[in-house]
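Novice: Could you have a look at this structure, given as C-alpha cells, before my questions?
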Amino acid sequence: MSEVYFSNSNLLIRSMEVDDAKIIYDTYLSYGWHPSLETYDNYYKEQEENKRKVFIAEYEGKVSGLCTLVLNSTEGPWAGMGYPEIVDLTVFFHVHNKGIGNKLLDVVEREAAKVADIVYLAVGVHSGYGAAQRKYVKRGYIPDGSGVWYQGKQLEQYAPCCNDDDLLLFMSKKI
C-alpha cells in the first residue's frame, strides 16, 4: 500500500509502487533517452530498505513524474554526513508548467526536514538543466563552493571534462 504525501483534485504524490519502474522506464525511452530499468527497480528496492524515499507524482490519475530522497548520501561534498540528497527530480514533458515539480520539492523538503536541517542536490550545468537551475535558485538553494563535479569527483581547475549529464554543481538549502 502506497503512502500518500499530498493529494488534491488533480495531483497525487505517493510512494513508489513496484509497477512504476516500468512506466518511468518506458516514458524516458519514448523521449529518446537511454534509461536503465534496473535504476528504477533499485529505487523501489531502496525505498523498501528505507535507504531512499521515492515520490511519484500522478497528474489526473497517471504517473507524471518523480523525485527521490537519499536519506544518507554517499556522493558529493556532504557524503556520509547524514544529510539527505534530492536525486532525480523529473516531470514528464506532457505535464510541464502545472506546478508538479514545485509540489514534489515541497513534499521532499518536508520529508528531508524530518531527518536533518540541510538538504542538498546536484544539478547538471549544461543548458538542458537550465529550468532546473533556475527553479533551485528561486527555492533558496545555493552552490556549496566546491565548484563542479564530474563523474563523481570534484573537478580540479583546468581538468578536462565533457559537458554531459555527469558534470554537476552541488547546492544546498537550510530547511
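Each chain of the C-alpha cells is named A, B, ... in the order shown, its residues numbered from 1; ligands are numbered from 1 in display order.
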Find the spatial neighbours of segment 135-146 of chain A, counting only C-alpha atoms, within a cut-off of 10 Å - ignore same-chain residues fewer than 6 positions away - and output them as a PyMOL selection string.
Specialist: chain A and resi 76-78+101-102+105-106+119-123+129+154-156+169-175
Novice: Would you mind exporting the chosen residues as a short mmCIF file (atom, residue, chain, number, x, y, z; two decimals), in the first residue's frame, restricted to N, CA and C atoms?
Specialist:
data_model
loop_
_atom_site.label_atom_id
_atom_site.label_comp_id
_atom_site.auth_asym_id
_atom_site.auth_seq_id
_atom_site.Cartn_x
_atom_site.Cartn_y
_atom_site.Cartn_z
N GLY A 76 29.09 13.37 -3.36
CA GLY A 76 29.15 14.82 -3.28
C GLY A 76 29.83 15.34 -2.02
N PRO A 77 29.80 16.67 -1.86
CA PRO A 77 30.54 17.31 -0.78
C PRO A 77 30.03 16.99 0.63
N TRP A 78 28.80 16.51 0.75
CA TRP A 78 28.24 16.18 2.07
C TRP A 78 28.11 14.67 2.27
N GLY A 101 6.55 19.96 -10.38
CA GLY A 101 7.92 19.95 -9.88
C GLY A 101 8.04 20.66 -8.54
N ASN A 102 7.44 21.83 -8.43
CA ASN A 102 7.49 22.57 -7.17
C ASN A 102 6.75 21.83 -6.06
N LEU A 105 8.95 19.07 -4.84
CA LEU A 105 10.00 19.59 -3.99
C LEU A 105 9.46 20.00 -2.62
N ASP A 106 8.26 20.57 -2.57
CA ASP A 106 7.66 20.90 -1.27
C ASP A 106 7.57 19.66 -0.39
N VAL A 119 19.31 20.07 3.31
CA VAL A 119 19.11 19.12 2.22
C VAL A 119 19.96 19.62 1.05
N TYR A 120 20.46 18.70 0.26
CA TYR A 120 21.25 19.13 -0.89
C TYR A 120 20.88 18.36 -2.13
N LEU A 121 21.40 18.83 -3.26
CA LEU A 121 21.13 18.22 -4.55
C LEU A 121 22.27 18.57 -5.50
N ALA A 122 22.30 17.89 -6.60
CA ALA A 122 23.24 18.21 -7.67
C ALA A 122 22.43 18.49 -8.92
N VAL A 123 22.85 19.50 -9.66
CA VAL A 123 22.16 19.84 -10.90
C VAL A 123 23.20 19.89 -12.02
N TYR A 129 19.62 21.62 -18.37
CA TYR A 129 19.23 21.74 -16.97
C TYR A 129 18.90 23.18 -16.59
N GLN A 154 35.23 15.75 -7.43
CA GLN A 154 35.40 17.19 -7.56
C GLN A 154 36.39 17.45 -8.69
N LEU A 155 36.02 18.32 -9.61
CA LEU A 155 36.84 18.59 -10.79
C LEU A 155 37.88 19.66 -10.46
N GLU A 156 39.12 19.33 -10.65
CA GLU A 156 40.20 20.28 -10.39
C GLU A 156 40.21 21.37 -11.47
N LEU A 169 26.81 20.61 -10.42
CA LEU A 169 27.03 21.61 -9.39
C LEU A 169 26.17 21.22 -8.19
N PHE A 170 26.80 21.10 -7.02
CA PHE A 170 26.07 20.78 -5.81
C PHE A 170 25.57 22.06 -5.14
N MET A 171 24.33 21.97 -4.64
CA MET A 171 23.69 23.10 -3.98
C MET A 171 22.98 22.60 -2.73
N SER A 172 22.87 23.47 -1.73
CA SER A 172 22.19 23.06 -0.50
C SER A 172 21.20 24.13 -0.07
N LYS A 173 20.36 23.74 0.87
CA LYS A 173 19.34 24.63 1.42
C LYS A 173 19.13 24.28 2.88
N LYS A 174 19.05 25.29 3.72
CA LYS A 174 18.70 25.07 5.12
C LYS A 174 17.18 24.93 5.18
N ILE A 175 16.72 23.87 5.85
CA ILE A 175 15.28 23.63 5.91
C ILE A 175 14.81 23.57 7.36
#
Novice: Run DSSP on the backbone and tell me which residues of segment 1-173 of chain A come out as strand (DSSP E); list them as a ChimeraX atom specification.
Specialist: /A:4-7,11-15,52-59,62-70,85-91,118-124,142-150,153-154,167-173
Novice: Keeping only C-alpha atoms, write the selected residues as a JSON list (two decimals), in the first residue's frame.
Specialist:
[["chain", "number", "residue", "atom", "x", "y", "z"],
["A", 4, "VAL", "CA", 0.21, 9.38, 0.30],
["A", 5, "TYR", "CA", 2.21, 12.58, 0.83],
["A", 6, "PHE", "CA", -0.10, 15.04, -0.97],
["A", 7, "SER", "CA", -3.44, 14.93, -2.71],
["A", 11, "LEU", "CA", -2.37, 15.79, -8.26],
["A", 12, "LEU", "CA", -1.40, 12.89, -6.02],
["A", 13, "ILE", "CA", 2.10, 12.42, -4.61],
["A", 14, "ARG", "CA", 2.68, 8.96, -3.19],
["A", 15, "SER", "CA", 5.40, 6.46, -2.50],
["A", 52, "ARG", "CA", 15.68, 6.17, -0.21],
["A", 53, "LYS", "CA", 12.25, 7.74, -0.30],
["A", 54, "VAL", "CA", 10.66, 7.72, -3.74],
["A", 55, "PHE", "CA", 7.92, 10.21, -4.52],
["A", 56, "ILE", "CA", 5.70, 9.50, -7.52],
["A", 57, "ALA", "CA", 3.52, 12.28, -8.93],
["A", 58, "GLU", "CA", 0.25, 11.27, -10.53],
["A", 59, "TYR", "CA", -1.44, 14.01, -12.51],
["A", 62, "LYS", "CA", -1.42, 8.96, -14.49],
["A", 63, "VAL", "CA", 2.20, 8.72, -13.37],
["A", 64, "SER", "CA", 3.68, 12.02, -14.46],
["A", 65, "GLY", "CA", 6.92, 12.50, -12.57],
["A", 66, "LEU", "CA", 9.10, 11.51, -9.66],
["A", 67, "CYS", "CA", 11.70, 12.66, -7.20],
["A", 68, "THR", "CA", 13.82, 10.69, -4.74],
["A", 69, "LEU", "CA", 15.44, 11.49, -1.44],
["A", 70, "VAL", "CA", 18.56, 9.54, -0.50],
["A", 85, "GLU", "CA", 20.18, 14.35, -1.04],
["A", 86, "ILE", "CA", 17.43, 15.11, -3.54],
["A", 87, "VAL", "CA", 18.01, 12.98, -6.64],
["A", 88, "ASP", "CA", 16.24, 12.64, -9.99],
["A", 89, "LEU", "CA", 13.51, 15.29, -9.97],
["A", 90, "THR", "CA", 11.66, 14.75, -13.23],
["A", 91, "VAL", "CA", 8.29, 15.87, -14.53],
["A", 118, "ILE", "CA", 20.04, 20.78, 5.49],
["A", 119, "VAL", "CA", 19.11, 19.12, 2.22],
["A", 120, "TYR", "CA", 21.25, 19.13, -0.89],
["A", 121, "LEU", "CA", 21.13, 18.22, -4.55],
["A", 122, "ALA", "CA", 23.24, 18.21, -7.67],
["A", 123, "VAL", "CA", 22.16, 19.84, -10.90],
["A", 124, "GLY", "CA", 23.68, 19.46, -14.33],
["A", 142, "ILE", "CA", 22.93, 27.92, -3.07],
["A", 143, "PRO", "CA", 26.11, 26.39, -4.50],
["A", 144, "ASP", "CA", 28.31, 24.82, -1.86],
["A", 145, "GLY", "CA", 31.51, 26.42, -3.18],
["A", 146, "SER", "CA", 33.28, 23.22, -4.17],
["A", 147, "GLY", "CA", 32.96, 24.01, -7.88],
["A", 148, "VAL", "CA", 31.76, 21.48, -10.39],
["A", 149, "TRP", "CA", 31.98, 17.73, -10.03],
["A", 150, "TYR", "CA", 32.50, 15.28, -12.84],
["A", 153, "LYS", "CA", 34.66, 13.55, -8.21],
["A", 154, "GLN", "CA", 35.40, 17.19, -7.56],
["A", 167, "LEU", "CA", 29.06, 17.49, -14.96],
["A", 168, "LEU", "CA", 27.31, 18.71, -11.80],
["A", 169, "LEU", "CA", 27.03, 21.61, -9.39],
["A", 170, "PHE", "CA", 26.07, 20.78, -5.81],
["A", 171, "MET", "CA", 23.69, 23.10, -3.98],
["A", 172, "SER", "CA", 22.19, 23.06, -0.50],
["A", 173, "LYS", "CA", 19.34, 24.63, 1.42]]
Novice: Atom CA of Glu49 of chain A and atom CA of Pro84 of chain A, how far apart in Å?
Specialist: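 If I compute the distance from atom CA of Pro84 of chain A to atom CA of Glu49 of chain A, I get 15.4 Å.
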Novice: Which value, in Å to one decimal, gives the distance between atom CA of Asp165 of chain A and atom CA of Val125 of chain A?
Specialist: 8.0 Å
Novice: For Lys45 of chain A, which of A:Val95, A:Val18, A:Leu29, A:Ile24 is the closest residue, counting only C-alpha atoms?
Specialist: A:Val18
Novice: Give me every helix (DSSP H, G or I) residue in segment 73-115 of chain A, going by DSSP on the backbone, as a count of residues only.
Specialist: 16
Novice: Between A:Glu75, A:Met16, A:His34, A:Ile100, single out the one closest to Gln151 of chain A, counting only C-alpha atoms.
Specialist: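 Of A:Glu75, A:Met16, A:His34, A:Ile100, the one nearest Gln151 of chain A, counting only C-alpha atoms, is A:Glu75.
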Novice: Tell me, as a list of chain:residue names, which residues lie within 10 Å of Glu38 of chain A, counting only C-alpha atoms; anything in the same chain fewer than 5 positions away does not count.
Specialist: A:Ala21, A:Lys22, A:Tyr25, A:Tyr43, A:Tyr44
